[in-house]
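Visitor: Structure: work01.tsv, TSV, C-alpha atoms and all ligand atoms.
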```
chain	number	residue	atom	x	y	z
A	703	MET	CA	-141.24	-110.70	-96.77
A	704	ARG	CA	-140.24	-109.34	-93.40
A	705	VAL	CA	-138.69	-112.02	-91.19
A	706	LEU	CA	-137.32	-112.11	-87.68
A	707	ILE	CA	-134.24	-114.24	-87.01
A	708	THR	CA	-133.26	-115.04	-83.43
A	709	GLY	CA	-129.61	-115.86	-82.82
A	710	ALA	CA	-128.91	-113.75	-85.88
A	711	ALA	CA	-125.41	-112.75	-84.83
A	712	GLY	CA	-124.22	-116.34	-84.54
A	713	PHE	CA	-122.50	-118.52	-87.12
A	714	LEU	CA	-125.58	-119.95	-88.85
A	715	GLY	CA	-127.89	-117.04	-87.98
A	716	SER	CA	-125.64	-114.51	-89.69
A	717	HIS	CA	-125.34	-116.58	-92.88
A	718	LEU	CA	-129.12	-116.91	-92.88
A	719	CYS	CA	-129.47	-113.13	-92.58
A	720	ASP	CA	-127.18	-112.79	-95.61
A	721	ARG	CA	-129.36	-115.20	-97.55
A	722	PHE	CA	-132.66	-113.48	-96.74
A	723	ARG	CA	-131.19	-110.06	-97.57
A	724	ARG	CA	-129.78	-111.37	-100.85
A	725	GLU	CA	-133.28	-112.52	-101.80
A	726	GLY	CA	-134.59	-109.00	-101.10
A	727	HIS	CA	-136.40	-109.71	-97.83
A	728	SER	CA	-136.33	-107.41	-94.79
A	729	VAL	CA	-134.74	-108.87	-91.70
A	730	VAL	CA	-135.17	-108.06	-88.02
A	731	ALA	CA	-132.17	-109.66	-86.33
A	732	ILE	CA	-132.12	-110.33	-82.61
A	733	ASP	CA	-129.32	-111.71	-80.48
A	734	ASN	CA	-128.07	-111.36	-76.92
A	735	TYR	CA	-124.43	-111.76	-78.07
A	736	ILE	CA	-123.67	-114.55	-75.59
A	737	THR	CA	-122.08	-116.66	-78.30
A	738	GLY	CA	-122.68	-114.44	-81.35
A	739	THR	CA	-121.17	-111.09	-82.21
A	740	PRO	CA	-122.61	-108.02	-84.01
A	741	GLU	CA	-119.44	-108.04	-86.15
A	742	ASN	CA	-120.96	-110.95	-88.08
A	743	LEU	CA	-123.75	-108.61	-89.18
A	744	ALA	CA	-121.98	-105.25	-89.50
A	745	HIS	CA	-121.94	-105.48	-93.31
A	746	LEU	CA	-125.76	-105.79	-93.41
A	747	LEU	CA	-126.65	-102.70	-91.38
A	748	GLY	CA	-128.83	-100.30	-93.35
A	749	ASP	CA	-132.19	-100.31	-95.10
A	750	GLY	CA	-134.08	-103.57	-94.77
A	751	PHE	CA	-132.02	-104.78	-91.83
A	752	GLU	CA	-132.59	-104.04	-88.14
A	753	LEU	CA	-130.36	-105.41	-85.41
A	754	VAL	CA	-131.67	-105.55	-81.85
A	755	GLN	CA	-129.76	-106.75	-78.80
A	756	HIS	CA	-132.29	-108.85	-76.93
A	757	ASP	CA	-132.54	-112.12	-75.05
A	758	VAL	CA	-135.37	-114.13	-76.61
A	759	THR	CA	-136.15	-115.78	-73.27
A	760	GLU	CA	-137.60	-112.38	-72.27
A	761	TYR	CA	-140.81	-111.00	-73.81
A	762	VAL	CA	-140.15	-110.06	-77.44
A	763	HIS	CA	-141.85	-106.94	-78.75
A	764	VAL	CA	-141.54	-106.31	-82.49
A	765	PRO	CA	-143.55	-103.43	-83.97
A	766	GLY	CA	-145.08	-104.00	-87.40
A	767	ALA	CA	-145.98	-107.05	-89.44
A	768	LEU	CA	-143.85	-110.19	-89.66
A	769	ASP	CA	-144.20	-112.92	-92.27
A	770	GLY	CA	-141.72	-115.34	-90.77
A	771	ILE	CA	-139.74	-116.14	-87.62
A	772	LEU	CA	-136.64	-118.33	-87.71
A	773	HIS	CA	-135.61	-119.37	-84.22
A	774	PHE	CA	-131.86	-119.93	-84.27
A	775	ALA	CA	-130.90	-118.61	-80.84
A	776	SER	CA	-129.00	-121.15	-78.71
A	777	PRO	CA	-125.50	-122.08	-77.74
A	778	ALA	CA	-124.75	-124.89	-80.20
A	779	SER	CA	-121.19	-126.03	-79.56
A	780	PRO	CA	-120.84	-128.70	-76.84
A	781	THR	CA	-118.23	-126.55	-75.06
A	782	ASP	CA	-120.69	-123.61	-75.07
A	783	TYR	CA	-123.70	-125.51	-73.83
A	784	LEU	CA	-121.69	-127.33	-71.19
A	785	GLU	CA	-120.59	-123.92	-69.92
A	786	LEU	CA	-124.05	-122.36	-70.30
A	787	PRO	CA	-126.38	-125.21	-69.26
A	788	ILE	CA	-129.20	-123.11	-67.81
A	789	GLN	CA	-129.20	-120.55	-70.65
A	790	THR	CA	-129.28	-123.44	-73.12
A	791	LEU	CA	-132.32	-124.99	-71.44
A	792	LYS	CA	-133.99	-121.58	-71.17
A	793	VAL	CA	-133.54	-120.56	-74.78
A	794	GLY	CA	-134.80	-123.93	-76.02
A	795	SER	CA	-137.86	-123.77	-73.75
A	796	LEU	CA	-138.74	-120.19	-72.75
A	797	GLY	CA	-137.11	-118.72	-75.86
A	798	THR	CA	-139.00	-121.07	-78.17
A	799	HIS	CA	-142.20	-120.26	-76.27
A	800	LYS	CA	-141.68	-116.51	-76.80
A	801	ALA	CA	-140.80	-116.94	-80.46
A	802	LEU	CA	-143.85	-119.17	-81.07
A	803	GLY	CA	-146.09	-116.73	-79.20
A	804	LEU	CA	-144.86	-113.96	-81.45
A	805	ALA	CA	-145.44	-116.12	-84.54
A	806	LYS	CA	-149.01	-116.76	-83.37
A	807	ALA	CA	-149.66	-113.06	-82.69
A	808	LYS	CA	-148.23	-111.97	-86.05
A	809	GLN	CA	-149.63	-114.95	-87.99
A	810	ALA	CA	-146.09	-115.53	-89.16
A	811	ARG	CA	-144.57	-118.78	-90.39
A	812	PHE	CA	-142.24	-120.28	-87.76
A	813	LEU	CA	-139.10	-122.31	-88.41
A	814	LEU	CA	-137.34	-124.05	-85.53
A	815	ALA	CA	-133.62	-124.73	-85.75
A	816	SER	CA	-133.49	-128.23	-84.30
A	817	THR	CA	-130.57	-130.58	-84.34
A	818	SER	CA	-129.19	-134.04	-85.01
A	819	GLU	CA	-128.69	-134.13	-81.22
A	820	VAL	CA	-132.37	-135.06	-80.89
A	821	TYR	CA	-131.14	-138.51	-82.03
A	822	GLY	CA	-128.60	-138.59	-79.16
A	823	ASP	CA	-126.08	-141.44	-79.40
A	824	PRO	CA	-128.05	-143.11	-82.18
A	825	LEU	CA	-128.88	-146.80	-82.34
A	826	VAL	CA	-130.15	-146.43	-85.91
A	827	HIS	CA	-127.66	-145.47	-88.60
A	828	PRO	CA	-127.93	-143.33	-90.68
A	829	GLN	CA	-130.64	-141.35	-88.91
A	830	PRO	CA	-133.98	-140.82	-90.67
A	831	GLU	CA	-136.46	-138.26	-89.30
A	832	SER	CA	-138.68	-141.14	-88.13
A	833	TYR	CA	-136.06	-142.25	-85.56
A	834	TRP	CA	-136.99	-141.14	-82.02
A	835	GLY	CA	-133.46	-141.07	-80.70
A	836	ASN	CA	-131.36	-142.27	-77.80
A	837	VAL	CA	-130.79	-139.33	-75.48
A	838	ASN	CA	-129.53	-139.37	-71.90
A	839	PRO	CA	-131.70	-136.72	-70.20
A	840	ILE	CA	-129.49	-136.40	-67.13
A	841	GLY	CA	-126.08	-136.38	-68.82
A	842	PRO	CA	-124.17	-133.15	-69.53
A	843	ARG	CA	-125.35	-133.01	-73.16
A	844	GLY	CA	-128.96	-133.43	-72.04
A	845	VAL	CA	-129.24	-129.66	-71.56
A	846	TYR	CA	-129.01	-129.13	-75.31
A	847	ASP	CA	-130.62	-132.34	-76.53
A	848	GLU	CA	-133.64	-132.11	-74.26
A	849	ALA	CA	-134.06	-128.37	-74.84
A	850	LYS	CA	-134.26	-129.01	-78.57
A	851	ARG	CA	-136.56	-132.00	-78.13
A	852	PHE	CA	-138.84	-129.85	-75.95
A	853	ALA	CA	-138.65	-127.09	-78.58
A	854	GLU	CA	-139.81	-129.55	-81.26
A	855	ALA	CA	-142.69	-130.70	-79.02
A	856	LEU	CA	-143.71	-127.09	-78.32
A	857	THR	CA	-143.55	-126.23	-82.01
A	858	MET	CA	-145.86	-129.14	-82.82
A	859	ALA	CA	-148.20	-128.15	-79.97
A	860	TYR	CA	-148.49	-124.59	-81.36
A	861	ARG	CA	-149.19	-126.08	-84.74
A	862	ARG	CA	-151.92	-128.39	-83.43
A	863	ALA	CA	-153.46	-126.11	-80.82
A	864	HIS	CA	-153.09	-122.70	-82.46
A	865	GLY	CA	-152.69	-123.48	-86.16
A	866	VAL	CA	-149.25	-121.81	-86.38
A	867	ASP	CA	-147.60	-122.58	-89.71
A	868	THR	CA	-144.43	-124.38	-88.56
A	869	ARG	CA	-141.29	-125.95	-89.99
A	870	ILE	CA	-138.59	-127.94	-88.18
A	871	VAL	CA	-135.07	-128.35	-89.53
A	872	ARG	CA	-132.74	-130.88	-87.91
A	873	ILE	CA	-129.29	-129.46	-88.51
A	874	PHE	CA	-126.27	-131.79	-88.61
A	875	ASN	CA	-122.64	-130.73	-88.05
A	876	THR	CA	-122.05	-127.56	-90.05
A	877	TYR	CA	-118.81	-125.64	-90.55
A	878	GLY	CA	-117.47	-122.65	-92.42
A	879	PRO	CA	-116.39	-119.02	-92.11
A	880	ARG	CA	-117.58	-117.10	-89.00
A	881	MET	CA	-117.14	-120.03	-86.64
A	882	ARG	CA	-115.37	-118.58	-83.62
A	883	PRO	CA	-111.76	-119.70	-83.14
A	884	GLY	CA	-112.78	-120.61	-79.58
A	885	ASP	CA	-116.04	-122.24	-80.64
A	886	GLY	CA	-114.77	-125.62	-79.43
A	887	ARG	CA	-116.23	-127.70	-82.24
A	888	VAL	CA	-114.03	-130.13	-84.03
A	889	VAL	CA	-113.56	-128.34	-87.37
A	890	SER	CA	-112.62	-124.97	-85.88
A	891	ASN	CA	-110.47	-126.59	-83.17
A	892	PHE	CA	-108.43	-128.65	-85.64
A	893	ILE	CA	-107.93	-125.76	-88.07
A	894	VAL	CA	-106.98	-123.26	-85.35
A	895	GLN	CA	-104.63	-125.78	-83.74
A	896	ALA	CA	-103.01	-126.58	-87.10
A	897	LEU	CA	-102.51	-122.89	-87.92
A	898	ARG	CA	-101.06	-122.19	-84.48
A	899	GLY	CA	-98.74	-125.18	-84.71
A	900	GLU	CA	-100.35	-126.75	-81.64
A	901	PRO	CA	-101.31	-130.43	-81.28
A	902	LEU	CA	-104.67	-131.40	-82.75
A	903	THR	CA	-106.80	-132.65	-79.87
A	904	VAL	CA	-108.56	-135.83	-80.96
A	905	TYR	CA	-111.03	-136.99	-78.31
A	906	GLY	CA	-110.97	-140.75	-77.79
A	907	ASP	CA	-109.34	-142.86	-80.48
A	908	GLY	CA	-110.81	-140.69	-83.26
A	909	GLY	CA	-112.92	-143.64	-84.40
A	910	GLN	CA	-116.21	-141.78	-83.83
A	911	THR	CA	-117.85	-140.40	-86.97
A	912	ARG	CA	-119.49	-137.14	-88.03
A	913	SER	CA	-120.83	-135.91	-91.36
A	914	PHE	CA	-119.84	-132.31	-92.08
A	915	CYS	CA	-121.93	-129.87	-94.09
A	916	TYR	CA	-120.51	-126.66	-95.52
A	917	VAL	CA	-122.46	-123.61	-94.38
A	918	SER	CA	-123.65	-122.50	-97.84
A	919	ASP	CA	-125.23	-125.93	-98.40
A	920	GLU	CA	-126.84	-125.86	-94.96
A	921	VAL	CA	-128.31	-122.40	-95.51
A	922	GLU	CA	-129.64	-123.39	-98.94
A	923	GLY	CA	-131.47	-126.35	-97.39
A	924	ILE	CA	-132.90	-124.26	-94.57
A	925	TYR	CA	-134.04	-121.56	-96.99
A	926	ARG	CA	-135.77	-124.12	-99.22
A	927	LEU	CA	-137.47	-125.71	-96.22
A	928	PHE	CA	-138.70	-122.34	-94.97
A	929	MET	CA	-140.16	-121.53	-98.39
A	930	SER	CA	-141.73	-125.00	-98.79
A	931	ASP	CA	-144.93	-126.36	-97.34
A	932	ILE	CA	-143.21	-129.29	-95.57
A	933	THR	CA	-144.33	-129.32	-91.96
A	934	GLY	CA	-142.66	-132.46	-90.56
A	935	PRO	CA	-139.02	-132.36	-89.44
A	936	VAL	CA	-136.40	-132.46	-92.19
A	937	ASN	CA	-132.74	-133.45	-91.77
A	938	ILE	CA	-130.40	-130.97	-93.45
A	939	GLY	CA	-126.82	-132.17	-93.42
A	940	ASN	CA	-124.16	-133.75	-95.56
A	941	PRO	CA	-124.40	-137.55	-95.62
A	942	ASN	CA	-120.68	-138.08	-96.31
A	943	GLU	CA	-119.41	-139.60	-93.08
A	944	PHE	CA	-115.85	-139.27	-91.78
A	945	LEU	CA	-113.90	-140.54	-88.81
A	946	VAL	CA	-112.78	-137.71	-86.53
A	947	GLY	CA	-109.24	-139.10	-86.92
A	948	GLU	CA	-109.56	-138.80	-90.71
A	949	LEU	CA	-110.68	-135.18	-90.34
A	950	ALA	CA	-107.55	-134.44	-88.31
A	951	ASP	CA	-105.34	-135.91	-91.06
A	952	LEU	CA	-107.18	-133.94	-93.73
A	953	VAL	CA	-106.78	-130.66	-91.83
A	954	LEU	CA	-103.05	-131.34	-91.44
A	955	GLU	CA	-102.76	-132.02	-95.16
A	956	LEU	CA	-104.73	-128.96	-96.26
A	957	THR	CA	-103.01	-126.55	-93.89
A	958	GLY	CA	-99.55	-128.04	-94.49
A	959	SER	CA	-99.12	-128.02	-90.71
A	960	SER	CA	-96.68	-130.29	-88.91
A	961	SER	CA	-98.73	-130.30	-85.70
A	962	GLU	CA	-98.95	-133.62	-83.86
A	963	ILE	CA	-102.10	-135.45	-82.88
A	964	ARG	CA	-102.86	-135.55	-79.15
A	965	HIS	CA	-105.51	-137.96	-77.86
A	966	LEU	CA	-107.69	-136.75	-74.98
A	967	PRO	CA	-110.53	-138.54	-73.18
A	968	LEU	CA	-113.80	-138.88	-75.08
A	969	PRO	CA	-116.42	-136.55	-73.53
A	970	GLU	CA	-119.35	-138.17	-71.71
A	971	ASP	CA	-122.20	-139.29	-74.03
A	972	ASP	CA	-120.27	-138.24	-77.15
A	973	PRO	CA	-122.25	-139.85	-80.01
A	974	LYS	CA	-120.23	-142.66	-81.61
A	975	VAL	CA	-121.69	-142.18	-85.09
A	976	ARG	CA	-123.74	-139.59	-86.90
A	977	GLN	CA	-124.94	-139.44	-90.48
A	978	PRO	CA	-128.12	-137.85	-91.80
A	979	ASP	CA	-130.52	-139.79	-93.96
A	980	ILE	CA	-131.46	-136.97	-96.35
A	981	THR	CA	-134.04	-138.85	-98.43
A	982	ARG	CA	-136.77	-136.41	-97.33
A	983	ALA	CA	-134.73	-133.32	-98.21
A	984	ARG	CA	-133.82	-134.83	-101.59
A	985	GLU	CA	-137.37	-135.80	-102.45
A	986	LEU	CA	-139.33	-132.92	-100.95
A	987	LEU	CA	-136.92	-130.00	-101.37
A	988	ASP	CA	-134.83	-131.25	-104.27
A	989	TRP	CA	-131.86	-130.41	-102.08
A	990	GLU	CA	-128.53	-132.09	-101.51
A	991	PRO	CA	-125.14	-130.74	-100.53
A	992	GLN	CA	-122.85	-129.50	-103.30
A	993	VAL	CA	-119.60	-128.67	-101.49
A	994	PRO	CA	-117.20	-131.56	-100.80
A	995	LEU	CA	-115.35	-131.59	-97.47
A	996	ARG	CA	-111.97	-130.78	-99.01
A	997	GLU	CA	-113.36	-127.71	-100.76
A	998	GLY	CA	-115.31	-126.48	-97.75
A	999	LEU	CA	-112.33	-127.02	-95.46
A	1000	ALA	CA	-110.09	-125.05	-97.83
A	1001	LEU	CA	-112.53	-122.09	-97.68
A	1002	THR	CA	-112.74	-122.35	-93.90
A	1003	ILE	CA	-108.96	-122.53	-93.54
A	1004	GLU	CA	-108.70	-119.40	-95.69
A	1005	TYR	CA	-111.10	-117.62	-93.30
A	1006	PHE	CA	-109.07	-118.60	-90.23
A	1007	ARG	CA	-105.81	-117.65	-91.95
A	1008	GLY	CA	-107.37	-114.21	-92.55
A	1009	LEU	CA	-108.04	-113.93	-88.82
A	1010	GLN	CA	-104.50	-115.03	-88.07
A	1011	GLU	CA	-103.07	-112.34	-90.37
A	1012	ARG	CA	-105.15	-109.74	-88.51
A	1013	LYS	CA	-103.97	-111.19	-85.18
A	1014	LEU	CA	-107.53	-112.24	-84.33
A	1015	LEU	CA	-106.93	-115.97	-84.13
A	1016	GLY	CA	-107.68	-116.70	-80.47
A	1017	SER	CA	-107.14	-120.03	-78.76
A	1018	PRO	CA	-109.32	-123.06	-79.41
A	1019	THR	CA	-111.48	-124.34	-76.57
A	1020	VAL	CA	-110.56	-127.84	-75.53
A	1021	LEU	CA	-112.65	-130.11	-73.31
A	1022	THR	CA	-110.53	-131.64	-70.61
A	1023	GLY	CA	-112.36	-134.83	-69.72
A	1101	LIG	N1	-113.75	-133.54	-81.11
A	1101	LIG	C1	-112.39	-133.84	-81.06
A	1101	LIG	N2	-111.53	-132.82	-80.78
A	1101	LIG	C2	-111.93	-131.55	-80.53
A	1101	LIG	C3	-113.30	-131.26	-80.61
A	1101	LIG	C4	-114.18	-132.28	-80.88
A	1101	LIG	O1	-111.97	-134.98	-81.28
A	1101	LIG	O2	-111.05	-130.70	-80.27
A	1101	LIG	C5	-114.67	-134.64	-81.43
A	1101	LIG	C6	-115.84	-134.81	-80.46
A	1101	LIG	O3	-115.50	-135.66	-79.40
A	1101	LIG	C7	-116.91	-135.39	-81.37
A	1101	LIG	C8	-116.60	-134.80	-82.73
A	1101	LIG	O4	-115.27	-134.34	-82.68
A	1101	LIG	O5	-116.77	-136.79	-81.43
A	1101	LIG	C9	-117.51	-133.63	-83.10
A	1101	LIG	O6	-117.51	-132.73	-82.02
A	1101	LIG	P1	-118.14	-131.29	-82.09
A	1101	LIG	O7	-117.86	-130.63	-80.79
A	1101	LIG	O8	-117.70	-130.61	-83.31
A	1101	LIG	O9	-119.71	-131.50	-82.25
A	1101	LIG	P2	-120.75	-132.67	-81.91
A	1101	LIG	O10	-120.92	-133.40	-83.18
A	1101	LIG	O11	-120.19	-133.58	-80.85
A	1101	LIG	O12	-121.94	-131.94	-81.46
```
Could you render the structure as structure tokens?
Ligand code: UDP

Guide:
Amino acid sequence: MRVLITGAAGFLGSHLCDRFRREGHSVVAIDNYITGTPENLAHLLGDGFELVQHDVTEYVHVPGALDGILHFASPASPTDYLELPIQTLKVGSLGTHKALGLAKAKQARFLLASTSEVYGDPLVHPQPESYWGNVNPIGPRGVYDEAKRFAEALTMAYRRAHGVDTRIVRIFNTYGPRMRPGDGRVVSNFIVQALRGEPLTVYGDGGQTRSFCYVSDEVEGIYRLFMSDITGPVNIGNPNEFLVGELADLVLELTGSSSEIRHLPLPEDDPKVRQPDITRARELLDWEPQVPLREGLALTIEYFRGLQERKLLGSPTVLTG
């Protein structure tokens, strides 16, 4: 197959490129490098892999046939989308429109990277795909949540109105190598802070929960969904739920760091709990995560230690209220 991946130079996009190349497919990778970097893809350059710097909110011209489009372009860390609110809304709306238009023109299968954020601060726990969510449209996180909800609606409209062959994956918190040190998400922040000997910044009392999926598991689920004939949304995430405070303790243990814990205010609309119900993925894709948190964290810590040895470990990004 020949597939186009938007947001290919980002954390998940680049791992997805690796996966499609490993399976022998050709990949056209596009990214505007706002939050991604071509360094994540440097090892793939060559036959069967094209990298184009382009903003998917602008008209996308791709010569030749395409069998699939995976739309992964978007800031995805809260610190990124709070800093890039308009770009986030544009890539979820205009960018999804361009990517769907291209899928229609090429008669390519389309997979939307959606998110657990469509459930907002959930009132149903764990979250099945049938839950419609609890999102504040006018809060700071609304720029991401509503962009992704709009993207899902547009994807379904292209399916119904134009017969585009679509898939929707709802991605839950994912971590692993190639997260940026300054990404701002909790796993990279805690590891970078621990390695730098700085306090670990726990927002609120650390009693909020998240369920963390190692990147290889996430990519396996997304790949299976893309190859399947499942058209409704599918949660792909790890259902093992942890307190943010517990994660901080685990990072301290695994890094051997003596950093302290510093509590900062909880960001506005920060979801109090999050855990995927993965019944659909289990039953329809025969998929479930394989990598336990301890193991995945150890691999991620190793990655950040590598950056530190090469003096590439920048500062974490911390929200200040
Ligand atoms: N968080 C934290 N310290 C940090 C970064 C994040 O305590 O330095 C918390 C954040 O408030 C949230 C959870 O960790 O409750 C996960 O945040 P993240 O930004 O990773 O992603 P989210 O799940 O909120 O999209």

Visitor: At a cut-off of 9 Å and counting all atoms listed in the file, what residues surround ligand LIG 1101 (chain A)? Please answer as a compact mmCIF listing (two decimals) with C-alpha atoms, in the frame of the given file.

Guide:
```txt
# COMPACT_ATOMS: atom_id res chain seq x y z
CA ALA A 778 -124.75 -124.89 -80.20
CA SER A 779 -121.19 -126.03 -79.56
CA PRO A 780 -120.84 -128.70 -76.84
CA THR A 781 -118.23 -126.55 -75.06
CA SER A 818 -129.19 -134.04 -85.01
CA GLU A 819 -128.69 -134.13 -81.22
CA PHE A 874 -126.27 -131.79 -88.61
CA ASN A 875 -122.64 -130.73 -88.05
CA THR A 876 -122.05 -127.56 -90.05
CA TYR A 877 -118.81 -125.64 -90.55
CA ASP A 885 -116.04 -122.24 -80.64
CA GLY A 886 -114.77 -125.62 -79.43
CA ARG A 887 -116.23 -127.70 -82.24
CA VAL A 888 -114.03 -130.13 -84.03
CA VAL A 889 -113.56 -128.34 -87.37
CA SER A 890 -112.62 -124.97 -85.88
CA ASN A 891 -110.47 -126.59 -83.17
CA PHE A 892 -108.43 -128.65 -85.64
CA GLN A 895 -104.63 -125.78 -83.74
CA LEU A 902 -104.67 -131.40 -82.75
CA THR A 903 -106.80 -132.65 -79.87
CA VAL A 904 -108.56 -135.83 -80.96
CA TYR A 905 -111.03 -136.99 -78.31
CA GLY A 906 -110.97 -140.75 -77.79
CA ASP A 907 -109.34 -142.86 -80.48
CA GLY A 908 -110.81 -140.69 -83.26
CA GLY A 909 -112.92 -143.64 -84.40
CA GLN A 910 -116.21 -141.78 -83.83
CA THR A 911 -117.85 -140.40 -86.97
CA ARG A 912 -119.49 -137.14 -88.03
CA SER A 913 -120.83 -135.91 -91.36
CA LEU A 945 -113.90 -140.54 -88.81
CA VAL A 946 -112.78 -137.71 -86.53
CA GLY A 947 -109.24 -139.10 -86.92
CA LEU A 949 -110.68 -135.18 -90.34
CA ALA A 950 -107.55 -134.44 -88.31
CA HIS A 965 -105.51 -137.96 -77.86
CA LEU A 966 -107.69 -136.75 -74.98
CA PRO A 967 -110.53 -138.54 -73.18
CA LEU A 968 -113.80 -138.88 -75.08
CA PRO A 969 -116.42 -136.55 -73.53
CA GLU A 970 -119.35 -138.17 -71.71
CA ASP A 972 -120.27 -138.24 -77.15
CA PRO A 973 -122.25 -139.85 -80.01
CA LYS A 974 -120.23 -142.66 -81.61
CA VAL A 975 -121.69 -142.18 -85.09
CA ARG A 976 -123.74 -139.59 -86.90
CA PRO A 1018 -109.32 -123.06 -79.41
CA THR A 1019 -111.48 -124.34 -76.57
CA VAL A 1020 -110.56 -127.84 -75.53
CA LEU A 1021 -112.65 -130.11 -73.31
```

Visitor: Do a neighbour search on range 845-859 of chain A at 6 Å with only C-alpha atoms, toss out local chain neighbours closer than 3 positions, and write the hits as a ChimeraX atom specification.

Guide: /A:787,791,794-795,816,819-820,862-863

Visitor: Between A:Asp782, A:Glu922, A:Asp720, A:Glu831, single out the one closest to Val936 in chain A, counting all atoms listed in the file.

Guide: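 When distances to Val936 in chain A are compared using all atoms listed in the file, the smallest one comes from A:Glu831.
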
Visitor: Calculate how many Å separate CA of Leu802 in chain A from CA of Phe928 in chain A, rounding to one decimal.

Guide: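 About the pair CA of Leu802 in chain A and CA of Phe928 in chain A: they are 15.2 Å apart.
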
Visitor: Smallest atom-to-atom distance to Pro901 in chain A: which of A:Phe812, A:Ser961, A:Arg996, A:Val871, using all atoms listed in the file?

Guide: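 Ranked by minimum distance to Pro901 in chain A, first place goes to A:Ser961.
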
Visitor: Contacts between range 1002-1012 of chain A and range 818-899 of chain A, please, where a residue of range 818-899 of chain A counts if it comes within 8 Å (with all atoms listed in the file); show its shortest atom pair and distance in Å to one decimal, rows by chain and ascending number, as JSON lines.

Guide:
```
{"residue": "A:Tyr877", "atom": "CA", "partner": "A:Thr1002", "partner_atom": "CA", "distance": 7.7}
{"residue": "A:Gly878", "atom": "CA", "partner": "A:Thr1002", "partner_atom": "CA", "distance": 5.0}
{"residue": "A:Pro879", "atom": "CA", "partner": "A:Thr1002", "partner_atom": "CA", "distance": 5.3}
{"residue": "A:Arg880", "atom": "CA", "partner": "A:Tyr1005", "partner_atom": "CA", "distance": 7.8}
{"residue": "A:Pro883", "atom": "CA", "partner": "A:Phe1006", "partner_atom": "CA", "distance": 7.7}
{"residue": "A:Ile893", "atom": "CA", "partner": "A:Ile1003", "partner_atom": "CA", "distance": 6.4}
{"residue": "A:Val894", "atom": "CA", "partner": "A:Phe1006", "partner_atom": "CA", "distance": 7.1}
{"residue": "A:Leu897", "atom": "CA", "partner": "A:Arg1007", "partner_atom": "CA", "distance": 7.4}
```

Visitor: Quick one, how far is CA of Gly884 in chain A from CA of Leu1015 in chain A?

Guide: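 So the answer is 8.7 Å.
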
Visitor: Neighbouring residues of Glu741 in chain A were defined as those with any atom within 10 Å, considering all atoms listed in the file; residues of the same chain fewer than 5 positions away were excluded. Please report them as a PyMOL selection string.

Guide: chain A and resi 711-712+716+746+880

Visitor: Neighbouring residues of Glu725 in chain A were defined as those with any atom within 12 Å, considering all atoms listed in the file; residues of the same chain fewer than 3 positions away were excluded. Please report them as a list in words.

Guide: Met703, Arg704, Val705, Leu718, Cys719, Asp720, Arg721, Phe722, Ser728, Val729, Gly750, Glu922, Tyr925 and Met929 of chain A

Visitor: Using all atoms listed in the file, which residue out of A:His773, A:Arg843, A:Arg964, A:His799 lies closest to Ile870 in chain A?

Guide: A:His773

Visitor: Can you measure CA of Phe774 in chain A to CA of Leu1014 in chain A for me? One decimal in Å is fine.

Guide: 25.5 Å

Visitor: Using all atoms of range 987-1005 of chain A listed in the file and a margin of 6 Å per side, can you give the axis-aligned box centre and edge lengths in Å to one decimal, as AutoDock Vina command-line options?

Guide:
```
--center_x -122.8 --center_y -124.9 --center_z -98.8 --size_x 40.2 --size_y 26.5 --size_z 23.0
```

Visitor: Within 9 Å of Lys806 in chain A, counting all atoms listed in the file, which residues show up once you throw out same-chain ones fewer than 5 positions away? Write them as JSON, numbers by chain, please.

Guide: {"A": [801, 811, 812, 860, 864, 865, 866, 867]}

Visitor: Using all atoms listed in the file, pick whichever of A:Ala744, A:Ala710, A:Asp971, A:Pro777 has the shortest atom-to-atom distance to Ile840 in chain A.

Guide: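 Among the listed residues, the smallest separation from Ile840 in chain A belongs to A:Asp971.
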
Visitor: When you count only C-alpha atoms, which of these residues is closest to Glu990 in chain A: A:Leu768, A:Asp919, A:Ile924, A:Leu952?

Guide: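 For Glu990 in chain A, the nearest of the given residues is A:Asp919.
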
Visitor: Go ahead and find all residues with at least one atom no further than 7 Å from (-123.5, -117.5, -78.7) in the file's coordinates, using all atoms listed in the file; report them as a list in words.

Guide: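 Taken together, the residues in range are Gly712, Tyr735, Ile736, Thr737, Gly738, Ser776 and Pro777 of chain A.
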
Visitor: Which is closest to Asp979 in chain A among A:Val826, A:Leu956, A:Leu927, A:Val993, if we use all atoms listed in the file?

Guide: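 Comparing A:Val826, A:Leu956, A:Leu927, A:Val993 against Asp979 in chain A, the winner is A:Val826.
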